[in-house]
>>> print(open('work18.txt').read())   # compact mmCIF, C-alpha atoms and all ligand atoms
# COMPACT_ATOMS: atom_id res chain seq x y z
CA MET H 290 7.22 -19.10 -6.59
CA LYS H 291 5.63 -18.39 -9.94
CA VAL H 292 5.59 -15.16 -11.89
CA THR H 293 3.63 -14.37 -15.04
CA VAL H 294 4.62 -11.69 -17.51
CA VAL H 295 1.85 -10.64 -19.89
CA GLY H 296 3.13 -9.23 -23.17
CA ALA H 297 6.09 -10.94 -24.83
CA GLY H 298 7.20 -7.78 -26.57
CA ASN H 299 10.28 -5.70 -25.86
CA VAL H 300 9.60 -4.90 -22.19
CA GLY H 301 7.91 -8.19 -21.27
CA ALA H 302 10.60 -10.40 -22.81
CA THR H 303 13.35 -8.35 -21.15
CA CYS H 304 11.61 -8.61 -17.78
CA ALA H 305 11.17 -12.40 -18.16
CA ASP H 306 14.82 -12.74 -19.19
CA VAL H 307 16.07 -10.80 -16.14
CA LEU H 308 13.82 -12.83 -13.82
CA ALA H 309 15.21 -16.04 -15.33
CA TYR H 310 18.92 -15.30 -15.36
CA ARG H 311 18.83 -13.76 -11.89
CA GLU H 312 16.93 -16.86 -10.70
CA VAL H 313 14.37 -14.69 -8.94
CA VAL H 314 11.77 -17.50 -9.12
CA ASN H 315 11.56 -21.12 -10.32
CA GLU H 316 8.99 -20.51 -13.04
CA VAL H 317 8.22 -17.61 -15.34
CA VAL H 318 5.16 -17.84 -17.60
CA ILE H 319 5.03 -15.47 -20.56
CA VAL H 320 1.67 -14.77 -22.25
CA ASP H 321 0.99 -12.93 -25.49
CA ILE H 322 -1.89 -12.65 -27.89
CA LYS H 323 0.29 -13.17 -30.97
CA GLU H 324 0.36 -16.85 -31.92
CA GLY H 325 3.65 -18.54 -30.98
CA VAL H 326 5.57 -15.43 -29.88
CA ALA H 327 5.45 -16.11 -26.12
CA GLU H 328 6.30 -19.78 -26.67
CA GLY H 329 9.22 -18.79 -28.90
CA LYS H 330 10.65 -16.23 -26.47
CA ALA H 331 10.23 -18.62 -23.52
CA LEU H 332 12.11 -21.31 -25.48
CA ASP H 333 14.86 -18.88 -26.46
CA ILE H 334 15.36 -17.77 -22.83
CA TRP H 335 15.41 -21.44 -21.72
CA GLN H 336 18.05 -22.23 -24.37
CA LYS H 337 20.21 -19.43 -22.92
CA ALA H 338 20.16 -21.16 -19.50
CA PRO H 339 23.13 -23.47 -20.17
CA ILE H 340 25.19 -20.50 -21.40
CA ASN H 341 24.28 -18.09 -18.60
CA SER H 342 24.00 -20.85 -16.00
CA TYR H 343 20.53 -20.63 -14.49
CA ASP H 344 17.69 -23.11 -14.03
CA THR H 345 14.52 -21.01 -13.97
CA ARG H 346 11.86 -22.62 -16.17
CA THR H 347 10.28 -20.34 -18.76
CA VAL H 348 6.91 -21.29 -20.27
CA GLY H 349 5.17 -19.51 -23.13
CA SER H 350 1.44 -19.31 -23.81
CA THR H 351 -0.66 -17.84 -26.58
CA ASN H 352 -3.59 -16.42 -24.64
CA ASP H 353 -4.09 -19.58 -22.52
CA TYR H 354 -4.32 -18.20 -19.01
CA THR H 355 -4.70 -21.63 -17.38
CA LYS H 356 -0.91 -21.79 -17.59
CA THR H 357 -0.71 -18.71 -15.35
CA LYS H 358 -2.76 -20.37 -12.56
CA ASP H 359 -1.63 -19.55 -9.01
CA SER H 360 0.94 -16.95 -9.99
CA ASP H 361 2.32 -15.03 -7.01
CA VAL H 362 3.16 -11.93 -9.03
CA VAL H 363 1.96 -10.83 -12.48
CA VAL H 364 3.63 -8.15 -14.57
CA ILE H 365 1.38 -6.58 -17.23
CA THR H 366 3.32 -5.14 -20.17
CA SER H 367 0.75 -5.81 -22.90
CA GLY H 368 -0.28 -2.85 -24.99
CA LEU H 369 0.91 -0.45 -27.63
CA PRO H 370 4.13 1.49 -27.16
CA ARG H 371 4.24 5.07 -28.41
CA LYS H 372 5.85 6.26 -31.61
CA PRO H 373 7.71 9.54 -32.14
CA GLY H 374 5.37 12.54 -31.81
CA MET H 375 2.97 10.72 -29.46
CA SER H 376 2.52 11.22 -25.73
CA ARG H 377 1.98 8.26 -23.42
CA ASP H 378 -1.58 9.51 -22.90
CA ASP H 379 -2.33 8.98 -26.61
CA LEU H 380 -2.22 5.22 -25.92
CA ILE H 381 -5.14 5.23 -23.49
CA GLN H 382 -7.96 4.18 -25.80
CA THR H 383 -6.28 0.96 -26.99
CA ASN H 384 -4.36 0.07 -23.86
CA ALA H 385 -7.27 0.53 -21.45
CA GLY H 386 -9.17 -2.27 -23.21
CA ILE H 387 -6.10 -4.52 -23.28
CA VAL H 388 -5.25 -3.96 -19.59
CA LYS H 389 -8.88 -4.56 -18.58
CA GLN H 390 -9.14 -7.85 -20.50
CA VAL H 391 -5.74 -9.07 -19.30
CA THR H 392 -6.49 -8.20 -15.65
CA GLU H 393 -9.79 -10.11 -15.79
CA SER H 394 -8.04 -13.16 -17.28
CA ILE H 395 -5.27 -13.01 -14.66
CA ILE H 396 -7.59 -12.63 -11.68
CA ALA H 397 -9.70 -15.60 -12.85
CA GLN H 398 -6.60 -17.83 -12.45
CA SER H 399 -4.68 -16.07 -9.66
CA PRO H 400 -7.12 -14.17 -7.43
CA GLU H 401 -4.42 -13.47 -4.82
CA ALA H 402 -1.65 -12.29 -7.15
CA ILE H 403 0.19 -9.02 -6.76
CA ILE H 404 -0.07 -7.10 -10.04
CA ILE H 405 2.64 -4.82 -11.41
CA ILE H 406 1.53 -2.62 -14.30
CA VAL H 407 3.96 -1.41 -16.94
CA SER H 408 1.62 -0.53 -19.84
CA ASN H 409 1.14 3.17 -20.56
CA PRO H 410 -0.21 5.65 -19.69
CA LEU H 411 1.19 4.08 -16.53
CA ASP H 412 -0.65 5.81 -13.69
CA VAL H 413 -4.02 5.44 -15.35
CA MET H 414 -3.41 1.84 -16.43
CA THR H 415 -2.69 1.13 -12.75
CA TYR H 416 -6.10 2.69 -12.02
CA GLN H 417 -7.66 0.44 -14.68
CA ALA H 418 -6.09 -2.73 -13.28
CA HIS H 419 -6.99 -1.75 -9.72
CA ILE H 420 -10.69 -1.20 -10.40
CA THR H 421 -10.90 -4.28 -12.61
CA SER H 422 -9.11 -6.61 -10.19
CA LYS H 423 -10.83 -5.25 -7.07
CA LEU H 424 -7.66 -6.17 -5.16
CA PRO H 425 -6.45 -4.00 -2.26
CA ARG H 426 -4.51 -0.94 -3.42
CA THR H 427 -1.31 -2.35 -1.90
CA LYS H 428 -1.39 -5.21 -4.42
CA VAL H 429 -1.89 -3.30 -7.67
CA ILE H 430 1.10 -1.09 -8.34
CA GLY H 431 2.72 0.56 -11.31
CA MET H 432 6.36 0.53 -12.43
CA ALA H 433 7.72 3.94 -13.35
CA GLY H 434 9.59 5.39 -10.39
CA ILE H 435 12.46 2.90 -10.44
CA LEU H 436 12.96 3.58 -14.15
CA ASP H 437 12.70 7.37 -13.91
CA THR H 438 15.01 7.41 -10.89
CA ALA H 439 17.47 5.15 -12.73
CA ARG H 440 17.57 7.59 -15.64
CA TYR H 441 18.19 10.46 -13.24
CA ARG H 442 20.92 8.48 -11.46
CA ALA H 443 22.55 7.48 -14.75
CA PHE H 444 22.63 11.08 -16.00
CA LEU H 445 24.11 12.24 -12.68
CA ALA H 446 26.72 9.47 -12.69
CA GLU H 447 27.78 10.56 -16.16
CA ALA H 448 27.98 14.25 -15.23
CA LEU H 449 29.93 13.58 -12.02
CA ASN H 450 31.98 10.72 -13.50
CA VAL H 451 31.13 8.41 -10.60
CA SER H 452 29.55 4.98 -10.34
CA PRO H 453 25.76 4.98 -10.77
CA LYS H 454 25.68 2.54 -7.83
CA ASP H 455 26.61 5.35 -5.46
CA ILE H 456 23.79 7.66 -6.45
CA GLN H 457 20.66 7.42 -4.31
CA ALA H 458 17.58 9.35 -5.27
CA VAL H 459 13.83 9.51 -5.04
CA LEU H 460 11.33 10.78 -7.57
CA MET H 461 7.59 11.21 -7.20
CA GLY H 462 4.43 11.99 -9.14
CA GLY H 463 3.02 10.74 -12.42
CA HIS H 464 4.99 8.95 -15.12
CA GLY H 465 4.91 11.82 -17.55
CA ASP H 466 6.78 15.00 -18.20
CA SER H 467 5.26 16.37 -14.96
CA MET H 468 7.14 13.81 -12.81
CA VAL H 469 8.89 15.25 -9.77
CA PRO H 470 12.61 14.45 -9.27
CA LEU H 471 13.74 15.58 -5.81
CA PRO H 472 17.32 16.95 -5.74
CA ARG H 473 16.95 17.67 -2.01
CA TYR H 474 16.72 13.91 -1.47
CA THR H 475 19.56 12.98 -3.85
CA THR H 476 22.91 11.84 -2.48
CA VAL H 477 26.20 10.65 -3.94
CA GLY H 478 27.87 8.21 -1.55
CA GLY H 479 25.97 9.93 1.25
CA ILE H 480 26.93 13.48 0.14
CA PRO H 481 24.07 15.82 -0.87
CA VAL H 482 24.23 16.15 -4.66
CA THR H 483 23.88 19.93 -4.41
CA GLU H 484 27.41 20.03 -2.92
CA LEU H 485 28.88 18.32 -5.98
CA ILE H 486 27.19 19.86 -9.01
CA GLU H 487 26.29 23.38 -10.16
CA GLU H 488 22.61 24.35 -9.95
CA ASP H 489 22.18 24.86 -13.71
CA LYS H 490 23.71 21.46 -14.52
CA LEU H 491 21.45 19.76 -11.98
CA GLU H 492 18.43 21.53 -13.43
CA ALA H 493 19.36 20.35 -16.93
CA ILE H 494 19.59 16.76 -15.63
CA VAL H 495 16.21 17.04 -13.92
CA ASN H 496 14.68 18.28 -17.17
CA ARG H 497 16.34 15.54 -19.23
CA THR H 498 14.98 12.96 -16.76
CA LYS H 499 11.43 14.27 -17.19
CA THR H 500 11.59 13.71 -20.94
CA GLY H 501 13.86 10.65 -20.72
CA GLY H 502 11.29 8.28 -22.21
CA GLY H 503 10.65 10.62 -25.15
CA GLU H 504 14.39 10.94 -25.83
CA LEU H 505 14.56 7.19 -26.45
CA VAL H 506 11.35 7.11 -28.51
CA LYS H 507 12.88 9.74 -30.78
CA LEU H 508 16.09 7.74 -31.16
CA MET H 509 14.52 4.32 -31.73
CA GLY H 510 11.05 4.94 -33.18
CA THR H 511 9.57 2.96 -30.25
CA SER H 512 10.00 3.14 -26.50
CA ALA H 513 12.71 1.75 -24.23
CA TRP H 514 12.85 -1.82 -22.90
CA TYR H 515 16.15 -2.77 -21.22
CA ALA H 516 15.80 -0.42 -18.24
CA PRO H 517 11.99 -0.75 -18.04
CA GLY H 518 12.10 -4.56 -18.13
CA SER H 519 14.87 -4.66 -15.50
CA ALA H 520 13.00 -2.18 -13.29
CA ALA H 521 9.86 -4.34 -13.34
CA ALA H 522 11.97 -7.41 -12.52
CA GLN H 523 13.51 -5.54 -9.57
CA MET H 524 10.01 -4.92 -8.18
CA VAL H 525 9.17 -8.62 -8.58
CA GLU H 526 12.37 -9.58 -6.77
CA ALA H 527 11.61 -7.24 -3.85
CA ILE H 528 8.20 -8.89 -3.47
CA VAL H 529 9.06 -12.56 -3.89
CA LYS H 530 12.13 -12.30 -1.65
CA ASP H 531 10.35 -10.02 0.84
CA GLN H 532 13.29 -7.64 0.63
CA ARG H 533 11.45 -4.58 1.94
CA ARG H 534 13.22 -2.40 -0.62
CA VAL H 535 12.45 1.31 -0.65
CA PHE H 536 11.30 2.24 -4.14
CA PRO H 537 9.00 4.81 -5.72
CA VAL H 538 5.97 2.98 -7.12
CA CYS H 539 2.66 4.14 -8.52
CA MET H 540 -0.38 3.36 -6.38
CA LYS H 541 -3.71 4.77 -5.33
CA LEU H 542 -3.23 7.48 -2.72
CA GLU H 543 -5.82 7.66 0.01
CA GLY H 544 -4.93 10.83 1.83
CA GLU H 545 -1.13 10.55 1.77
CA TYR H 546 0.48 13.87 0.84
CA GLY H 547 -2.99 15.37 1.20
CA ILE H 548 -4.03 13.60 -2.03
CA ASP H 549 -7.05 11.32 -2.18
CA ASN H 550 -8.21 8.89 -4.86
CA CYS H 551 -5.43 9.55 -7.35
CA TYR H 552 -2.77 7.18 -8.74
CA LEU H 553 0.72 8.63 -8.33
CA GLY H 554 4.29 7.57 -7.71
CA VAL H 555 5.37 7.72 -4.05
CA PRO H 556 8.20 6.09 -2.09
CA VAL H 557 7.11 2.86 -0.42
CA ILE H 558 8.51 -0.21 1.30
CA LEU H 559 8.01 -3.13 -1.06
CA GLY H 560 7.79 -6.64 0.37
CA LYS H 561 5.85 -9.90 0.27
CA ASN H 562 2.46 -8.22 0.61
CA GLY H 563 3.18 -5.65 -2.09
CA VAL H 564 3.26 -2.17 -0.59
CA GLU H 565 4.06 -2.68 3.09
CA LYS H 566 4.14 1.03 3.91
CA VAL H 567 3.84 4.36 2.12
CA ILE H 568 6.63 6.72 3.13
CA GLU H 569 5.48 10.31 3.61
CA LEU H 570 8.30 12.81 3.05
CA GLN H 571 8.14 16.32 4.44
CA LEU H 572 8.03 18.08 1.08
CA ASN H 573 8.69 21.80 0.99
CA GLU H 574 6.33 24.27 -0.66
CA ASP H 575 7.99 24.12 -4.10
CA GLU H 576 8.12 20.31 -4.14
CA MET H 577 4.49 20.08 -3.01
CA LYS H 578 3.43 22.43 -5.80
CA LEU H 579 5.17 20.24 -8.39
CA LEU H 580 3.46 17.16 -6.94
CA LYS H 581 0.08 18.90 -7.08
CA ASP H 582 0.69 19.87 -10.74
CA SER H 583 1.49 16.25 -11.51
CA GLU H 584 -1.65 15.14 -9.66
CA GLY H 585 -3.71 17.54 -11.78
CA HIS H 586 -2.34 16.02 -14.97
CA VAL H 587 -2.97 12.42 -13.85
CA ARG H 588 -6.52 13.32 -12.73
CA GLU H 589 -7.28 14.65 -16.23
CA VAL H 590 -6.21 11.34 -17.79
CA MET H 591 -8.12 9.39 -15.11
CA SER H 592 -11.27 11.20 -16.15
CA VAL H 593 -10.63 10.18 -19.78
CA LEU H 594 -10.52 6.57 -18.56
CA ASP H 595 -13.77 7.06 -16.64
CA ARG H 596 -15.41 8.20 -19.89
CA ILE H 597 -13.99 5.20 -21.80
CA ASN H 598 -15.32 2.83 -19.14
CA GLY H 599 -18.68 4.62 -19.17
N1 LIG H 601 5.93 2.13 -17.25
C1 LIG H 601 7.01 2.38 -17.94
O1 LIG H 601 7.94 2.99 -17.41
C2 LIG H 601 7.13 1.89 -19.33
C3 LIG H 601 6.02 1.50 -20.01
N2 LIG H 601 6.11 1.01 -21.29
C4 LIG H 601 4.87 0.57 -21.90
O2 LIG H 601 4.85 -0.86 -21.91
C5 LIG H 601 4.04 -1.33 -22.98
C6 LIG H 601 4.78 -2.40 -23.78
O3 LIG H 601 5.88 -1.83 -24.44
P1 LIG H 601 6.77 -2.75 -25.42
O4 LIG H 601 7.07 -4.03 -24.77
O5 LIG H 601 7.88 -1.91 -25.92
O6 LIG H 601 5.73 -3.01 -26.62
P2 LIG H 601 5.75 -4.21 -27.66
O7 LIG H 601 4.88 -3.81 -28.79
O8 LIG H 601 7.14 -4.64 -27.94
O9 LIG H 601 5.04 -5.41 -26.85
C7 LIG H 601 3.72 -5.36 -26.44
C8 LIG H 601 3.19 -6.79 -26.53
O10 LIG H 601 1.86 -6.82 -25.99
C9 LIG H 601 1.17 -7.82 -26.72
N3 LIG H 601 -0.28 -7.68 -26.54
C10 LIG H 601 -1.12 -6.76 -27.07
N4 LIG H 601 -2.38 -7.00 -26.68
C11 LIG H 601 -2.34 -8.08 -25.87
C12 LIG H 601 -3.31 -8.80 -25.13
N5 LIG H 601 -4.60 -8.45 -25.16
N6 LIG H 601 -2.90 -9.87 -24.42
C13 LIG H 601 -1.62 -10.26 -24.38
N7 LIG H 601 -0.63 -9.59 -25.06
C14 LIG H 601 -1.01 -8.52 -25.78
C15 LIG H 601 1.61 -7.57 -28.16
O11 LIG H 601 1.32 -8.69 -28.99
C16 LIG H 601 3.11 -7.32 -27.97
O12 LIG H 601 3.86 -8.51 -28.10
C17 LIG H 601 3.66 -0.08 -23.78
O13 LIG H 601 2.36 0.35 -23.41
C18 LIG H 601 4.70 0.93 -23.35
O14 LIG H 601 4.25 2.26 -23.50
C19 LIG H 601 7.31 0.89 -21.92
C20 LIG H 601 8.46 1.29 -21.28
C21 LIG H 601 8.45 1.85 -19.96
O1 LIG H 602 8.38 6.73 -23.07
C1 LIG H 602 7.59 5.80 -23.25
O2 LIG H 602 6.61 5.84 -24.00
C2 LIG H 602 7.84 4.52 -22.51
C3 LIG H 602 8.06 4.87 -21.10
O3 LIG H 602 7.14 5.07 -20.35
C4 LIG H 602 9.44 5.19 -20.72
O4 LIG H 602 10.40 4.73 -21.34
O5 LIG H 602 9.57 5.96 -19.76
>>> encode(input="work18.txt", output="structure tokens", more="lines below")
Ligand SMILES: NC(=O)C1=CN([C@@H]2O[C@H](COP(=O)(O)OP(=O)(O)OC[C@H]3O[C@@H](n4cnc5c(N)ncnc54)[C@H](O)[C@@H]3O)[C@@H](O)[C@H]2O)C=CC1
Ligand SMILES: O=C([O-])CC(=O)C(=O)O
Amino acid sequence: MKVTVVGAGNVGATCADVLAYREVVNEVVIVDIKEGVAEGKALDIWQKAPINSYDTRTVGSTNDYTKTKDSDVVVITSGLPRKPGMSRDDLIQTNAGIVKQVTESIIAQSPEAIIIIVSNPLDVMTYQAHITSKLPRTKVIGMAGILDTARYRAFLAEALNVSPKDIQAVLMGGHGDSMVPLPRYTTVGGIPVTELIEEDKLEAIVNRTKTGGGELVKLMGTSAWYAPGSAAAQMVEAIVKDQRRVFPVCMKLEGEYGIDNCYLGVPVILGKNGVEKVIELQLNEDEMKLLKDSEGHVREVMSVLDRING
């Protein structure tokens, strides 16, 4: 199995590193536009292999996509990250062009690959990659839900002083401040979270989750990479090992949840074909309203992309 990661920056290098040390595949190719950077990071990860005891080969490439030929899965992380004061949507103009060019280059070498988008604004970059690649919607998916859910789970674990491993949760909608965490579907070792935490504390955690990316941008001057890179690697692992994991991923909806032709995060079963099944939860009225609000926001940004693409 072969995986390509495009973008050897913070998120891409972290993703490649996790894929290597967890021995998810035999070969990871890293591509970047900056001369020598992908080669350097690939060499550095390979030199870590004797220390961390793995044998995954890592190969770097400066913009030579022939090295990515016949990749099974491709993770696209290329593009600008935001700086303090910016929203993810402010990145659209630059990142749309990058994602389009990268998707064309990838498809020319690996027409059957499954593509995982990480670049922001996430939902609309998934739209860009989907229309450019012309692949089925089940094979062009965005990473956001695993990350946003992980933030929510981490905050809950801290508040309840329990292991984050025991917190199960699902989160839907766009990867922006309008995302929709679902406390009704959150459990701690099988116990509904609402039995373990006061309503106001849970609400504060939900709100912190929604702005979780911005919190890190403010602290670091650029966006997060450890959790995002690991989350993308977890999606790759689910696909290449056909694990049929249940994760929220961003994809084009075609009628699910009463939403058509919009790219949003929904829970799915992820396996060797990409999205094996979309899971349709019975949302209540309040949850559905939040999802619709999120849809409205993503649709606005989708129409900006339509204008950029002419
Ligand atoms: N979906 C999510 O949950 C998350 C998304 N992101 C997004 O991921 C993207 C990457 O973030 P970072 O890795 O922190 O940025 P970074 O600046 O560290 O790395 C981006 C890399 O992309 C490369 N690049 C730019 N144009 C390229 C092209 N045409 N071909 C190949 N490589 C190209 C750059 O040279 C750079 O090395 C950003 O758009 C960021 O907003 C970041 C975190 C979470
Ligand atoms: O906040 C950002 O710009 C990067 C991102 O999507 C995240 O960390 O959730």
>>> residues_near_point(input="work18.txt", point="(-8.0, -3.5, -17.1)", cutoff="8 Å", atoms="all atoms listed in the file", output="PyMOL selection string")
chain H and resi 385-393+414+417-422
>>> residues_near_ligand(input="work18.txt", ligand="ligand LIG 602 (chain H)", cutoff="6 Å", atoms="all atoms listed in the file", output="number ranges by chain")
H: 370-371, 377, 502-503, 512-513
>>> closest_residue(input="work18.txt", among="H:Ile568, H:Leu594, H:Ile435, H:Ile365", to="H:Ser408", atoms="only C-alpha atoms")
H:Ile365
>>> residues_around(input="work18.txt", residues="H:Val314", least_positions_apart="2", cutoff="8 Å", atoms="all atoms listed in the file", output="number ranges by chain")
H: 290-292, 308-309, 312, 316-317, 345, 529
>>> residues_around(input="work18.txt", residues="H:Ala520", least_positions_apart="3", cutoff="6 Å", atoms="only C-alpha atoms", output="list in words")
Ile435, Leu436, Ala516, Pro517 and Gln523 of chain H
>>> decode(input="work18.txt", residues="stretch 481-572 of chain H", atoms="C-alpha atoms", output="compact mmCIF listing (two decimals), in the first residue's frame")
# COMPACT_ATOMS: atom_id res chain seq x y z
CA PRO H 481 -24.69 9.53 28.90
CA VAL H 482 -22.49 12.57 29.52
CA THR H 483 -25.49 14.59 30.71
CA GLU H 484 -25.59 12.36 33.83
CA LEU H 485 -22.03 13.29 34.75
CA ILE H 486 -21.66 17.01 34.12
CA GLU H 487 -23.72 20.13 34.82
CA GLU H 488 -25.50 21.70 31.85
CA ASP H 489 -23.60 25.01 32.00
CA LYS H 490 -20.22 23.24 32.11
CA LEU H 491 -21.18 21.09 29.12
CA GLU H 492 -22.33 24.15 27.22
CA ALA H 493 -19.00 25.88 27.91
CA ILE H 494 -17.16 22.82 26.56
CA VAL H 495 -19.32 22.75 23.44
CA ASN H 496 -18.55 26.44 22.84
CA ARG H 497 -14.83 25.95 23.44
CA THR H 498 -14.87 23.07 20.93
CA LYS H 499 -16.46 25.27 18.27
CA THR H 500 -13.63 27.78 18.53
CA GLY H 501 -10.96 25.18 19.35
CA GLY H 502 -8.95 25.85 16.18
CA GLY H 503 -8.95 29.60 16.82
CA GLU H 504 -7.78 29.10 20.41
CA LEU H 505 -4.61 27.44 19.11
CA VAL H 506 -4.08 30.01 16.35
CA LYS H 507 -4.15 32.71 19.01
CA LEU H 508 -1.63 30.86 21.16
CA MET H 509 0.81 29.90 18.40
CA GLY H 510 0.39 32.48 15.62
CA THR H 511 -0.41 29.62 13.21
CA SER H 512 -2.82 26.70 13.33
CA ALA H 513 -2.55 23.31 15.03
CA TRP H 514 -0.76 20.27 13.60
CA TYR H 515 -0.28 17.39 16.06
CA ALA H 516 -3.97 16.52 16.42
CA PRO H 517 -4.85 17.41 12.80
CA GLY H 518 -1.98 15.33 11.37
CA SER H 519 -2.87 12.37 13.61
CA ALA H 520 -6.56 12.65 12.70
CA ALA H 521 -5.77 12.50 8.97
CA ALA H 522 -3.51 9.49 9.59
CA GLN H 523 -6.35 7.77 11.47
CA MET H 524 -8.59 8.17 8.41
CA VAL H 525 -5.86 6.71 6.19
CA GLU H 526 -5.49 3.75 8.54
CA ALA H 527 -9.24 3.06 8.53
CA ILE H 528 -9.16 2.96 4.72
CA VAL H 529 -6.00 0.96 4.06
CA LYS H 530 -6.81 -1.61 6.76
CA ASP H 531 -10.52 -1.68 5.82
CA GLN H 532 -11.35 -1.14 9.49
CA ARG H 533 -14.89 0.14 8.92
CA ARG H 534 -14.39 2.74 11.65
CA VAL H 535 -17.28 5.08 12.45
CA PHE H 536 -16.03 8.64 12.09
CA PRO H 537 -17.49 12.01 11.19
CA VAL H 538 -16.05 13.05 7.81
CA CYS H 539 -16.86 15.84 5.40
CA MET H 540 -18.44 14.75 2.13
CA LYS H 541 -21.00 15.80 -0.44
CA LEU H 542 -24.50 15.15 0.85
CA GLU H 543 -27.03 13.99 -1.69
CA GLY H 544 -30.27 14.06 0.23
CA GLU H 545 -29.04 12.73 3.59
CA TYR H 546 -30.45 14.77 6.48
CA GLY H 547 -32.67 16.45 3.89
CA ILE H 548 -29.60 18.27 2.53
CA ASP H 549 -28.62 18.10 -1.12
CA ASN H 550 -25.45 19.19 -2.92
CA CYS H 551 -23.63 20.56 0.11
CA TYR H 552 -20.34 19.45 1.70
CA LEU H 553 -20.76 18.82 5.42
CA GLY H 554 -19.45 16.60 8.20
CA VAL H 555 -21.61 13.52 8.90
CA PRO H 556 -20.94 10.20 10.64
CA VAL H 557 -19.93 7.48 8.18
CA ILE H 558 -18.43 4.01 8.07
CA LEU H 559 -14.93 4.36 6.65
CA GLY H 560 -13.34 1.39 4.90
CA LYS H 561 -11.41 0.28 1.83
CA ASN H 562 -13.72 2.05 -0.61
CA GLY H 563 -13.69 5.31 1.33
CA VAL H 564 -17.16 6.06 2.67
CA GLU H 565 -18.91 2.70 2.86
CA LYS H 566 -22.12 4.11 4.35
CA VAL H 567 -23.48 7.42 5.58
CA ILE H 568 -25.12 7.05 8.99
CA GLU H 569 -28.33 9.05 9.34
CA LEU H 570 -29.06 9.96 12.97
CA GLN H 571 -32.54 10.89 14.11
CA LEU H 572 -31.72 14.48 15.02
